[in-house]
$ cat data02.cif   # mmCIF, C-alpha atoms
data_input
#
loop_
_atom_site.group_PDB
_atom_site.id
_atom_site.type_symbol
_atom_site.label_atom_id
_atom_site.label_comp_id
_atom_site.auth_asym_id
_atom_site.auth_seq_id
_atom_site.Cartn_x
_atom_site.Cartn_y
_atom_site.Cartn_z
ATOM 1 C CA MET A 1 -62.108 -38.702 44.331
ATOM 2 C CA GLY A 2 -59.428 -39.994 42.007
ATOM 3 C CA THR A 3 -55.729 -39.232 42.358
ATOM 4 C CA TYR A 4 -52.480 -39.561 40.454
ATOM 5 C CA ILE A 5 -49.021 -40.352 41.804
ATOM 6 C CA ALA A 6 -46.013 -38.604 40.272
ATOM 7 C CA VAL A 7 -42.465 -39.849 40.840
ATOM 8 C CA ASP A 8 -39.201 -38.051 40.028
ATOM 9 C CA ILE A 9 -36.097 -40.225 40.430
ATOM 10 C CA GLY A 10 -32.617 -38.729 40.511
ATOM 11 C CA GLY A 11 -29.166 -39.972 41.342
ATOM 12 C CA THR A 12 -29.276 -38.222 44.722
ATOM 13 C CA ARG A 13 -32.966 -38.063 45.630
ATOM 14 C CA ILE A 14 -36.388 -39.542 44.963
ATOM 15 C CA ARG A 15 -39.522 -37.383 45.061
ATOM 16 C CA VAL A 16 -43.074 -38.678 45.187
ATOM 17 C CA ALA A 17 -46.229 -36.541 45.138
ATOM 18 C CA VAL A 18 -49.941 -37.346 45.184
ATOM 19 C CA TYR A 19 -52.110 -35.058 43.047
ATOM 20 C CA PRO A 20 -55.894 -34.726 42.992
ATOM 21 C CA GLU A 21 -57.783 -35.349 39.781
ATOM 22 C CA THR A 22 -58.062 -31.737 38.614
ATOM 23 C CA SER A 23 -55.263 -29.800 40.339
ATOM 24 C CA ILE A 24 -51.505 -29.377 40.109
ATOM 25 C CA GLU A 25 -51.221 -28.735 43.846
ATOM 26 C CA PRO A 26 -50.163 -31.969 45.582
ATOM 27 C CA VAL A 27 -52.166 -33.193 48.546
ATOM 28 C CA GLN A 28 -48.984 -34.699 49.914
ATOM 29 C CA GLN A 29 -45.382 -35.128 48.814
ATOM 30 C CA LYS A 30 -42.040 -36.262 50.180
ATOM 31 C CA ARG A 31 -38.430 -36.574 49.092
ATOM 32 C CA ILE A 32 -35.788 -38.971 50.339
ATOM 33 C CA PRO A 33 -32.162 -39.748 49.415
ATOM 34 C CA THR A 34 -31.923 -42.265 46.578
ATOM 35 C CA ARG A 35 -29.384 -44.281 48.525
ATOM 36 C CA GLY A 36 -29.680 -45.277 52.153
ATOM 37 C CA SER A 37 -28.974 -47.998 54.659
ATOM 38 C CA ASN A 38 -32.508 -49.375 54.622
ATOM 39 C CA GLY A 39 -32.763 -51.240 51.337
ATOM 40 C CA THR A 40 -31.844 -50.694 47.711
ATOM 41 C CA ALA A 41 -32.900 -47.670 45.698
ATOM 42 C CA LEU A 42 -35.728 -49.742 44.206
ATOM 43 C CA ASP A 43 -36.887 -50.796 47.673
ATOM 44 C CA ARG A 44 -36.801 -47.205 48.871
ATOM 45 C CA LEU A 45 -38.770 -46.018 45.859
ATOM 46 C CA GLN A 46 -41.520 -48.577 46.368
ATOM 47 C CA ASP A 47 -41.652 -47.974 50.121
ATOM 48 C CA LEU A 48 -42.051 -44.235 49.579
ATOM 49 C CA ILE A 49 -44.906 -44.717 47.117
ATOM 50 C CA ALA A 50 -46.577 -47.101 49.577
ATOM 51 C CA GLU A 51 -46.122 -44.593 52.399
ATOM 52 C CA LEU A 52 -47.941 -41.855 50.466
ATOM 53 C CA TRP A 53 -50.590 -44.122 48.930
ATOM 54 C CA PRO A 54 -54.048 -42.569 49.550
ATOM 55 C CA GLU A 55 -56.174 -44.565 51.973
ATOM 56 C CA ASN A 56 -59.588 -43.399 50.795
ATOM 57 C CA ASP A 57 -59.067 -42.269 47.199
ATOM 58 C CA GLU A 58 -58.565 -44.304 44.054
ATOM 59 C CA VAL A 59 -55.193 -44.019 42.315
ATOM 60 C CA PHE A 60 -55.804 -43.858 38.577
ATOM 61 C CA SER A 61 -52.169 -44.228 37.483
ATOM 62 C CA ILE A 62 -48.526 -43.543 38.320
ATOM 63 C CA GLY A 63 -46.141 -41.408 36.266
ATOM 64 C CA VAL A 64 -42.397 -41.881 36.697
ATOM 65 C CA ALA A 65 -39.493 -39.703 35.560
ATOM 66 C CA ALA A 66 -36.139 -41.485 35.598
ATOM 67 C CA PRO A 67 -32.608 -40.475 34.573
ATOM 68 C CA GLY A 68 -30.652 -41.957 31.714
ATOM 69 C CA PRO A 69 -31.663 -43.685 28.494
ATOM 70 C CA LEU A 70 -34.896 -45.634 28.696
ATOM 71 C CA ASN A 71 -37.681 -47.040 26.541
ATOM 72 C CA PRO A 72 -41.037 -45.600 27.644
ATOM 73 C CA LYS A 73 -42.913 -47.924 25.295
ATOM 74 C CA ALA A 74 -41.381 -51.060 26.807
ATOM 75 C CA GLY A 75 -41.113 -49.546 30.281
ATOM 76 C CA ILE A 76 -37.432 -50.461 30.549
ATOM 77 C CA LEU A 77 -34.699 -48.287 32.049
ATOM 78 C CA TYR A 78 -31.506 -49.122 30.173
ATOM 79 C CA ASN A 79 -28.994 -47.498 32.501
ATOM 80 C CA ALA A 80 -29.511 -44.999 35.330
ATOM 81 C CA PRO A 81 -26.443 -42.865 36.093
ATOM 82 C CA ASN A 82 -25.383 -42.994 39.745
ATOM 83 C CA ILE A 83 -27.899 -45.696 40.709
ATOM 84 C CA PRO A 84 -26.031 -49.016 41.024
ATOM 85 C CA GLY A 85 -27.777 -52.038 39.569
ATOM 86 C CA TRP A 86 -30.322 -50.143 37.501
ATOM 87 C CA VAL A 87 -29.376 -51.692 34.170
ATOM 88 C CA ASN A 88 -32.103 -52.987 31.847
ATOM 89 C CA LEU A 89 -34.526 -52.558 34.727
ATOM 90 C CA PRO A 90 -38.201 -53.274 33.832
ATOM 91 C CA LEU A 91 -39.285 -50.475 36.148
ATOM 92 C CA ARG A 92 -42.801 -50.103 34.799
ATOM 93 C CA GLN A 93 -43.597 -53.776 35.285
ATOM 94 C CA VAL A 94 -42.047 -53.818 38.759
ATOM 95 C CA LEU A 95 -44.283 -50.961 39.900
ATOM 96 C CA GLN A 96 -47.383 -52.293 38.174
ATOM 97 C CA ASP A 97 -46.917 -55.672 39.844
ATOM 98 C CA ARG A 98 -46.493 -54.035 43.250
ATOM 99 C CA PHE A 99 -49.280 -51.434 43.110
ATOM 100 C CA GLU A 100 -51.686 -52.935 40.539
ATOM 101 C CA VAL A 101 -52.351 -49.677 38.683
ATOM 102 C CA PRO A 102 -51.119 -48.528 35.249
ATOM 103 C CA VAL A 103 -47.645 -47.000 35.212
ATOM 104 C CA ALA A 104 -46.056 -44.707 32.607
ATOM 105 C CA LEU A 105 -42.284 -44.170 32.415
ATOM 106 C CA GLY A 106 -40.444 -41.200 30.919
ATOM 107 C CA ASN A 107 -36.948 -39.747 30.708
ATOM 108 C CA ASP A 108 -36.428 -36.985 33.284
ATOM 109 C CA ALA A 109 -35.485 -34.304 30.745
ATOM 110 C CA ASN A 110 -38.466 -35.188 28.561
ATOM 111 C CA MET A 111 -40.737 -35.006 31.596
ATOM 112 C CA ALA A 112 -39.381 -31.563 32.488
ATOM 113 C CA ALA A 113 -40.118 -30.473 28.910
ATOM 114 C CA LEU A 114 -43.653 -31.805 29.216
ATOM 115 C CA GLY A 115 -44.137 -30.076 32.558
ATOM 116 C CA GLU A 116 -42.951 -26.705 31.244
ATOM 117 C CA ALA A 117 -45.086 -27.099 28.121
ATOM 118 C CA ARG A 118 -48.302 -27.856 30.015
ATOM 119 C CA PHE A 119 -47.919 -25.809 33.185
ATOM 120 C CA GLY A 120 -44.882 -23.522 32.903
ATOM 121 C CA ALA A 121 -43.116 -21.177 30.509
ATOM 122 C CA GLY A 122 -44.405 -22.994 27.433
ATOM 123 C CA VAL A 123 -48.144 -22.580 28.062
ATOM 124 C CA GLY A 124 -49.803 -21.355 24.869
ATOM 125 C CA HIS A 125 -47.105 -22.775 22.587
ATOM 126 C CA HIS A 126 -47.587 -25.911 20.505
ATOM 127 C CA ASP A 127 -44.021 -26.339 19.228
ATOM 128 C CA LEU A 128 -41.209 -25.849 21.703
ATOM 129 C CA ILE A 129 -37.783 -26.992 22.816
ATOM 130 C CA TYR A 130 -36.749 -27.354 26.449
ATOM 131 C CA ILE A 131 -33.039 -27.423 27.340
ATOM 132 C CA THR A 132 -31.564 -27.741 30.807
ATOM 133 C CA ILE A 133 -28.003 -26.415 31.128
ATOM 134 C CA SER A 134 -26.394 -27.559 34.339
ATOM 135 C CA THR A 135 -23.711 -30.135 35.140
ATOM 136 C CA GLY A 136 -24.731 -31.666 31.824
ATOM 137 C CA ILE A 137 -27.164 -30.672 29.097
ATOM 138 C CA GLY A 138 -30.448 -32.447 28.494
ATOM 139 C CA GLY A 139 -33.685 -31.580 26.823
ATOM 140 C CA GLY A 140 -36.956 -32.469 25.240
ATOM 141 C CA VAL A 141 -38.984 -31.465 22.190
ATOM 142 C CA ILE A 142 -42.720 -30.809 21.874
ATOM 143 C CA LEU A 143 -44.143 -30.669 18.337
ATOM 144 C CA ASP A 144 -47.843 -30.184 17.614
ATOM 145 C CA ASP A 145 -48.463 -30.557 21.384
ATOM 146 C CA ARG A 146 -46.838 -33.997 21.423
ATOM 147 C CA LEU A 147 -43.624 -35.051 23.100
ATOM 148 C CA VAL A 148 -41.139 -36.332 20.517
ATOM 149 C CA LEU A 149 -39.965 -39.786 21.624
ATOM 150 C CA GLY A 150 -38.640 -41.589 18.545
ATOM 151 C CA ALA A 151 -38.865 -45.282 17.715
ATOM 152 C CA ASN A 152 -37.473 -46.487 21.054
ATOM 153 C CA GLY A 153 -38.074 -43.422 23.198
ATOM 154 C CA LEU A 154 -34.494 -42.183 22.819
ATOM 155 C CA ALA A 155 -35.171 -38.919 20.950
ATOM 156 C CA GLY A 156 -34.439 -35.502 22.412
ATOM 157 C CA GLU A 157 -30.811 -35.931 23.520
ATOM 158 C CA LEU A 158 -30.118 -32.286 22.731
ATOM 159 C CA GLY A 159 -26.899 -32.169 24.725
ATOM 160 C CA HIS A 160 -25.292 -34.870 22.630
ATOM 161 C CA VAL A 161 -25.165 -33.244 19.229
ATOM 162 C CA THR A 162 -21.661 -32.787 17.832
ATOM 163 C CA ILE A 163 -20.683 -29.113 17.617
ATOM 164 C CA VAL A 164 -16.885 -29.383 17.245
ATOM 165 C CA GLU A 165 -15.402 -32.438 15.571
ATOM 166 C CA ASP A 166 -12.655 -33.916 17.785
ATOM 167 C CA GLY A 167 -13.552 -31.380 20.479
ATOM 168 C CA PRO A 168 -13.395 -31.936 24.246
ATOM 169 C CA VAL A 169 -14.469 -35.296 25.618
ATOM 170 C CA CYS A 170 -18.082 -35.342 26.767
ATOM 171 C CA GLY A 171 -19.347 -37.121 29.872
ATOM 172 C CA CYS A 172 -20.754 -39.796 27.565
ATOM 173 C CA GLY A 173 -17.262 -40.515 26.232
ATOM 174 C CA LYS A 174 -17.725 -38.983 22.771
ATOM 175 C CA ARG A 175 -15.964 -35.838 21.573
ATOM 176 C CA GLY A 176 -17.214 -32.372 20.725
ATOM 177 C CA HIS A 177 -20.770 -32.685 22.032
ATOM 178 C CA LEU A 178 -22.647 -29.583 23.119
ATOM 179 C CA GLU A 179 -22.508 -30.799 26.728
ATOM 180 C CA ALA A 180 -18.700 -30.808 26.559
ATOM 181 C CA LEU A 181 -18.673 -27.196 25.348
ATOM 182 C CA ALA A 182 -21.542 -25.262 26.929
ATOM 183 C CA SER A 183 -22.520 -26.956 30.203
ATOM 184 C CA GLY A 184 -21.552 -25.816 33.672
ATOM 185 C CA THR A 185 -18.947 -28.567 33.779
ATOM 186 C CA ALA A 186 -17.517 -27.418 30.444
ATOM 187 C CA ILE A 187 -17.288 -23.791 31.589
ATOM 188 C CA ALA A 188 -15.420 -24.796 34.752
ATOM 189 C CA ARG A 189 -13.133 -27.202 32.891
ATOM 190 C CA TYR A 190 -12.146 -24.607 30.280
ATOM 191 C CA THR A 191 -11.472 -21.979 32.948
ATOM 192 C CA ILE A 192 -9.338 -24.321 35.052
ATOM 193 C CA LYS A 193 -7.321 -25.318 31.984
ATOM 194 C CA GLN A 194 -6.623 -21.665 31.195
ATOM 195 C CA LEU A 195 -5.621 -20.960 34.792
ATOM 196 C CA GLU A 196 -3.228 -23.893 34.718
ATOM 197 C CA ALA A 197 -1.710 -22.405 31.563
ATOM 198 C CA GLY A 198 -0.912 -19.244 33.512
ATOM 199 C CA ARG A 199 -3.750 -16.943 32.432
ATOM 200 C CA PRO A 200 -4.234 -14.033 34.862
ATOM 201 C CA SER A 201 -7.599 -14.037 36.633
ATOM 202 C CA SER A 202 -9.218 -13.237 39.956
ATOM 203 C CA LEU A 203 -10.352 -16.870 39.928
ATOM 204 C CA LYS A 204 -6.861 -17.997 40.936
ATOM 205 C CA GLN A 205 -7.781 -17.290 44.536
ATOM 206 C CA VAL A 206 -10.617 -19.828 44.291
ATOM 207 C CA GLY A 207 -8.131 -22.613 43.635
ATOM 208 C CA PRO A 208 -8.534 -25.830 41.625
ATOM 209 C CA THR A 209 -12.220 -26.238 42.546
ATOM 210 C CA VAL A 210 -13.552 -23.458 40.294
ATOM 211 C CA THR A 211 -17.216 -23.941 39.399
ATOM 212 C CA ALA A 212 -19.398 -22.417 36.696
ATOM 213 C CA LYS A 213 -21.029 -20.295 39.402
ATOM 214 C CA ASP A 214 -17.608 -18.929 40.368
ATOM 215 C CA VAL A 215 -16.928 -18.116 36.727
ATOM 216 C CA ALA A 216 -20.291 -16.385 36.289
ATOM 217 C CA LEU A 217 -19.717 -14.236 39.382
ATOM 218 C CA ALA A 218 -16.229 -13.302 38.224
ATOM 219 C CA ALA A 219 -17.562 -12.491 34.752
ATOM 220 C CA ALA A 220 -20.185 -10.189 36.276
ATOM 221 C CA GLY A 221 -17.276 -8.396 37.953
ATOM 222 C CA GLY A 222 -15.472 -7.961 34.637
ATOM 223 C CA ASP A 223 -12.813 -10.688 34.958
ATOM 224 C CA GLU A 224 -11.443 -11.100 31.437
ATOM 225 C CA LEU A 225 -10.932 -14.865 31.524
ATOM 226 C CA ALA A 226 -14.339 -15.446 33.114
ATOM 227 C CA VAL A 227 -16.058 -13.304 30.476
ATOM 228 C CA GLU A 228 -14.227 -15.249 27.778
ATOM 229 C CA ALA A 229 -15.296 -18.604 29.242
ATOM 230 C CA MET A 230 -18.939 -17.583 29.465
ATOM 231 C CA LYS A 231 -18.925 -16.066 25.984
ATOM 232 C CA ARG A 232 -17.334 -19.200 24.562
ATOM 233 C CA ALA A 233 -20.001 -21.450 26.101
ATOM 234 C CA GLY A 234 -22.840 -19.133 25.073
ATOM 235 C CA THR A 235 -21.564 -19.018 21.509
ATOM 236 C CA PHE A 236 -21.520 -22.807 21.251
ATOM 237 C CA MET A 237 -25.037 -22.951 22.690
ATOM 238 C CA GLY A 238 -26.165 -20.453 20.046
ATOM 239 C CA VAL A 239 -24.796 -22.705 17.291
ATOM 240 C CA ALA A 240 -26.786 -25.594 18.712
ATOM 241 C CA LEU A 241 -29.955 -23.487 18.986
ATOM 242 C CA ALA A 242 -29.657 -22.526 15.318
ATOM 243 C CA ASN A 243 -29.452 -26.230 14.458
ATOM 244 C CA TYR A 244 -32.547 -26.945 16.540
ATOM 245 C CA LEU A 245 -34.439 -24.112 14.845
ATOM 246 C CA HIS A 246 -33.622 -25.620 11.456
ATOM 247 C CA ILE A 247 -34.763 -29.087 12.514
ATOM 248 C CA PHE A 248 -37.831 -28.331 14.651
ATOM 249 C CA ASN A 249 -38.931 -24.748 13.827
ATOM 250 C CA PRO A 250 -40.332 -24.041 17.332
ATOM 251 C CA THR A 251 -41.984 -20.837 18.552
ATOM 252 C CA MET A 252 -40.487 -21.224 22.026
ATOM 253 C CA ILE A 253 -37.139 -22.207 23.501
ATOM 254 C CA ILE A 254 -37.133 -22.761 27.261
ATOM 255 C CA LEU A 255 -33.812 -22.811 29.089
ATOM 256 C CA GLY A 256 -33.516 -24.353 32.543
ATOM 257 C CA GLY A 257 -30.657 -25.225 34.871
ATOM 258 C CA GLY A 258 -28.186 -23.063 36.735
ATOM 259 C CA VAL A 259 -26.213 -21.862 33.696
ATOM 260 C CA SER A 260 -29.378 -20.427 32.134
ATOM 261 C CA ARG A 261 -29.458 -17.937 35.008
ATOM 262 C CA CYS A 262 -25.960 -16.569 34.427
ATOM 263 C CA GLY A 263 -27.381 -13.446 32.781
ATOM 264 C CA PRO A 264 -26.278 -11.370 29.777
ATOM 265 C CA VAL A 265 -22.699 -12.658 29.829
ATOM 266 C CA TYR A 266 -24.075 -16.014 28.599
ATOM 267 C CA TRP A 267 -27.334 -14.978 26.911
ATOM 268 C CA GLU A 268 -26.002 -12.208 24.694
ATOM 269 C CA PRO A 269 -23.339 -14.293 22.890
ATOM 270 C CA MET A 270 -25.849 -17.163 22.719
ATOM 271 C CA ARG A 271 -28.456 -15.022 20.950
ATOM 272 C CA ALA A 272 -25.878 -13.419 18.671
ATOM 273 C CA SER A 273 -24.490 -16.806 17.666
ATOM 274 C CA MET A 274 -27.960 -18.254 17.096
ATOM 275 C CA GLU A 275 -28.996 -15.340 14.893
ATOM 276 C CA ALA A 276 -25.732 -15.472 12.942
ATOM 277 C CA ASN A 277 -26.090 -19.183 12.202
ATOM 278 C CA VAL A 278 -29.720 -19.506 11.087
ATOM 279 C CA ILE A 279 -30.121 -19.856 7.338
ATOM 280 C CA SER A 280 -33.091 -17.489 7.238
ATOM 281 C CA PRO A 281 -34.408 -14.769 9.571
ATOM 282 C CA GLU A 282 -37.832 -16.386 9.166
ATOM 283 C CA TYR A 283 -36.796 -18.912 11.816
ATOM 284 C CA LEU A 284 -36.641 -16.062 14.320
ATOM 285 C CA VAL A 285 -40.075 -14.619 13.561
ATOM 286 C CA GLY A 286 -42.310 -15.047 16.608
ATOM 287 C CA LEU A 287 -39.612 -16.974 18.463
ATOM 288 C CA GLU A 288 -39.516 -16.553 22.243
ATOM 289 C CA ILE A 289 -36.681 -17.619 24.524
ATOM 290 C CA LYS A 290 -37.518 -17.849 28.220
ATOM 291 C CA ILE A 291 -36.068 -19.179 31.432
ATOM 292 C CA ALA A 292 -37.919 -22.224 32.763
ATOM 293 C CA ALA A 293 -40.680 -21.313 35.202
ATOM 294 C CA LEU A 294 -41.203 -24.474 37.268
ATOM 295 C CA GLY A 295 -37.755 -25.053 38.738
ATOM 296 C CA ASP A 296 -37.371 -28.424 40.451
ATOM 297 C CA ASN A 297 -41.089 -29.136 39.992
ATOM 298 C CA ALA A 298 -40.895 -29.378 36.201
ATOM 299 C CA GLY A 299 -40.158 -33.114 36.144
ATOM 300 C CA LEU A 300 -42.748 -33.911 38.787
ATOM 301 C CA LEU A 301 -45.473 -31.993 36.949
ATOM 302 C CA GLY A 302 -44.408 -33.610 33.694
ATOM 303 C CA THR A 303 -44.954 -37.042 35.182
ATOM 304 C CA LEU A 304 -48.328 -35.893 36.514
ATOM 305 C CA GLU A 305 -49.312 -34.969 32.953
ATOM 306 C CA LEU A 306 -47.942 -38.318 31.749
ATOM 307 C CA ALA A 307 -50.048 -40.174 34.327
ATOM 308 C CA ARG A 308 -53.142 -38.214 33.307
ATOM 309 C CA MET A 309 -52.516 -38.942 29.629
ATOM 310 C CA LEU A 310 -52.142 -42.642 30.420
ATOM 311 C CA HIS A 311 -55.442 -42.703 32.313
ATOM 312 C CA ALA A 312 -57.262 -40.733 29.610
ATOM 313 C CA GLY A 313 -55.937 -43.064 26.922
ATOM 314 C CA GLN A 314 -57.097 -46.107 28.826
ATOM 315 C CA ALA A 315 -60.565 -44.600 29.280
ATOM 316 C CA ILE A 316 -60.817 -43.983 25.539
ATOM 317 C CA ARG A 317 -59.704 -47.532 24.741
ATOM 318 C CA MET A 318 -62.294 -48.908 27.158
ATOM 319 C CA GLN A 319 -65.028 -46.872 25.497
ATOM 320 C CA GLN A 320 -63.933 -48.092 22.069
ATOM 321 C CA ALA A 321 -63.923 -51.696 23.286
ATOM 322 C CA GLU A 322 -67.412 -51.287 24.756
ATOM 323 C CA ARG A 323 -68.718 -49.827 21.499
ATOM 324 C CA GLN A 324 -67.111 -52.655 19.546
ATOM 325 C CA ALA A 325 -68.689 -55.209 21.879
ATOM 326 C CA VAL A 326 -72.136 -53.658 21.323
ATOM 327 C CA ASP A 327 -71.581 -53.674 17.543
ATOM 328 C CA ASP A 328 -70.622 -57.358 17.672
ATOM 329 C CA ILE A 329 -73.867 -58.362 19.389
#

$ encode --input "data02.cif" --output "structure tokens"
Amino acid sequence: MGTYIAVDIGGTRIRVAVYPETSIEPVQQKRIPTRGSNGTALDRLQDLIAELWPENDEVFSIGVAAPGPLNPKAGILYNAPNIPGWVNLPLRQVLQDRFEVPVALGNDANMAALGEARFGAGVGHHDLIYITISTGIGGGVILDDRLVLGANGLAGELGHVTIVEDGPVCGCGKRGHLEALASGTAIARYTIKQLEAGRPSSLKQVGPTVTAKDVALAAAGGDELAVEAMKRAGTFMGVALANYLHIFNPTMIILGGGVSRCGPVYWEPMRASMEANVISPEYLVGLEIKIAALGDNAGLLGTLELARMLHAGQAIRMQQAERQAVDDI
């Protein structure tokens, strides 16, 4: 029986799972901290794959989801946040040399989009947008059942569109990006700034470590500042969604991450803002907006699909080469 290996690399943990040929239920999986005393992150990654390598089954291919900007066509990871030394890392080639099977590399947000499209909330839709709203904002786009990558694999940075010129500084260093206005970090930062300015709020008892979760809970209890902070973030997200509808015209928007689960206090201003900013109500016809269904498994299942696509593509190329060889005789 053939198998696929799916890898999901994060700044804090590495997950590896082995999947059978025709199922999305792993036969084995394990997660470990990305950093540790026994070797570098790259050593730990390779050791974990080797540990789970099937003894009696063929591995067709490996799919890898990694954080940060990368080039899936060249197999190079340009810069992985929170993983020291992972700059211009030829990760695909490193793994192919070690394990001698084909390897496919994808951005973690894109892989989550692919996972949700194939196995989660997006099943049945051919054109969709996936956005994760957490500490930061990332995303991926599926059009005509294909993941949008761009010339160098850098497409789909949905959190880094400019919403407010000269707005707050984003984690990337630029100003006014969606991530700086509507992420969990942005919600907490805005609330803390207002508290420091003397605004009354029940959140004062939390102290200087207010989080977006604290704000959401206070908003659910009717705290005026908390409601304002959530409404502000939701409104900015709605502006961005209207832009995405104009550009991609999807039938489905999938929202993941902790902020997406903050309830009506975020969703209602988001929807109202989106509907107010579209240039035609036709963009809203048939549009569904759902919370992501796969949770932490979205990226892992996305890399499984990536590994399967890689193997299928290779099989097709082999068949074409065989037919060409017969024709040449």

$ atom_distance --input "data02.cif" --atom1 "atom CA of Gly171 of chain A" --atom2 "atom CA of Thr211 of chain A"
16.4 Å

$ resolve_selection --input "data02.cif" --expression "the PyMOL selection byres ((chain A and resi 230) around 9)" --output "list of chain:residue names"
A:Ala182, A:Ile187, A:Ala212, A:Val215, A:Ala216, A:Ala219, A:Leu225, A:Ala226, A:Val227, A:Glu228, A:Ala229, A:Lys231, A:Arg232, A:Ala233, A:Gly234, A:Thr235, A:Cys262, A:Val265, A:Tyr266, A:Pro269

$ resolve_selection --input "data02.cif" --expression "the PyMOL selection byres ((chain A and resi 83) around 8)" --output "list in words"
Gly11, Thr34, Ala41, Ala80, Pro81, Asn82, Pro84, Gly85 and Trp86 of chain A

$ closest_residue --input "data02.cif" --among "A:Leu77, A:Ala50, A:Leu195, A:Leu114" --to "Met309 of chain A" --atoms "only C-alpha atoms"
A:Leu114

$ atom_distance --input "data02.cif" --atom1 "atom CA of Ala6 of chain A" --atom2 "atom CA of Ile76 of chain A"
17.6 Å

$ residues_around --input "data02.cif" --residues "Ile142 of chain A" --least-positions-apart "2" --cutoff "6 Å" --atoms "all atoms listed in the file" --output "number ranges by chain"
A: 127-128, 145-148

$ residues_around --input "data02.cif" --residues "Val103 of chain A" --least-positions-apart "4" --cutoff "8 Å" --atoms "all atoms listed in the file" --output "PyMOL selection string"
chain A and resi 61-64+92-93+95-96+307+310

$ resolve_selection --input "data02.cif" --expression "the PyMOL selection byres ((chain A and resi 32) around 7)" --output "ChimeraX atom specification"
/A:13-15,30-31,33-34

$ residues_around --input "data02.cif" --residues "segment 288-291 of chain A" --least-positions-apart "3" --cutoff "7 Å" --atoms "all atoms listed in the file" --output "PyMOL selection string"
chain A and resi 121+251-256+260

$ atom_distance --input "data02.cif" --atom1 "atom CA of Ser280 of chain A" --atom2 "atom CA of Ala240 of chain A"
15.4 Å

$ residues_around --input "data02.cif" --residues "Gly138 of chain A" --least-positions-apart "4" --cutoff "10 Å" --atoms "only C-alpha atoms" --output "VMD selection string"
chain A and resid 108 to 110 112 to 113 130 to 134 156 to 160 178 to 179 183 256 to 257

$ residues_near_point --input "data02.cif" --point "(-47.5, -36.9, 52.3)" --cutoff "9 Å" --atoms "all atoms listed in the file" --output "number ranges by chain"
A: 16-18, 26-30, 51-53

$ residues_around --input "data02.cif" --residues "Met270 of chain A" --least-positions-apart "2" --cutoff "6 Å" --atoms "all atoms listed in the file" --output "list in words"
Gly234, Thr235, Met237, Gly238, Trp267, Glu268, Ala272 and Ser273 of chain A

$ closest_residue --input "data02.cif" --among "A:Leu70, A:Cys170, A:Val101, A:Leu300" --to "Ala155 of chain A" --atoms "only C-alpha atoms"
A:Leu70

$ closest_residue --input "data02.cif" --among "A:Val59, A:Phe236, A:Leu42, A:Ile279" --to "Tyr19 of chain A" --atoms "all atoms listed in the file"
A:Val59

$ closest_residue --input "data02.cif" --among "A:Gly136, A:Pro54, A:Gly115, A:Gly39" --to "Gly184 of chain A" --atoms "all atoms listed in the file"
A:Gly136
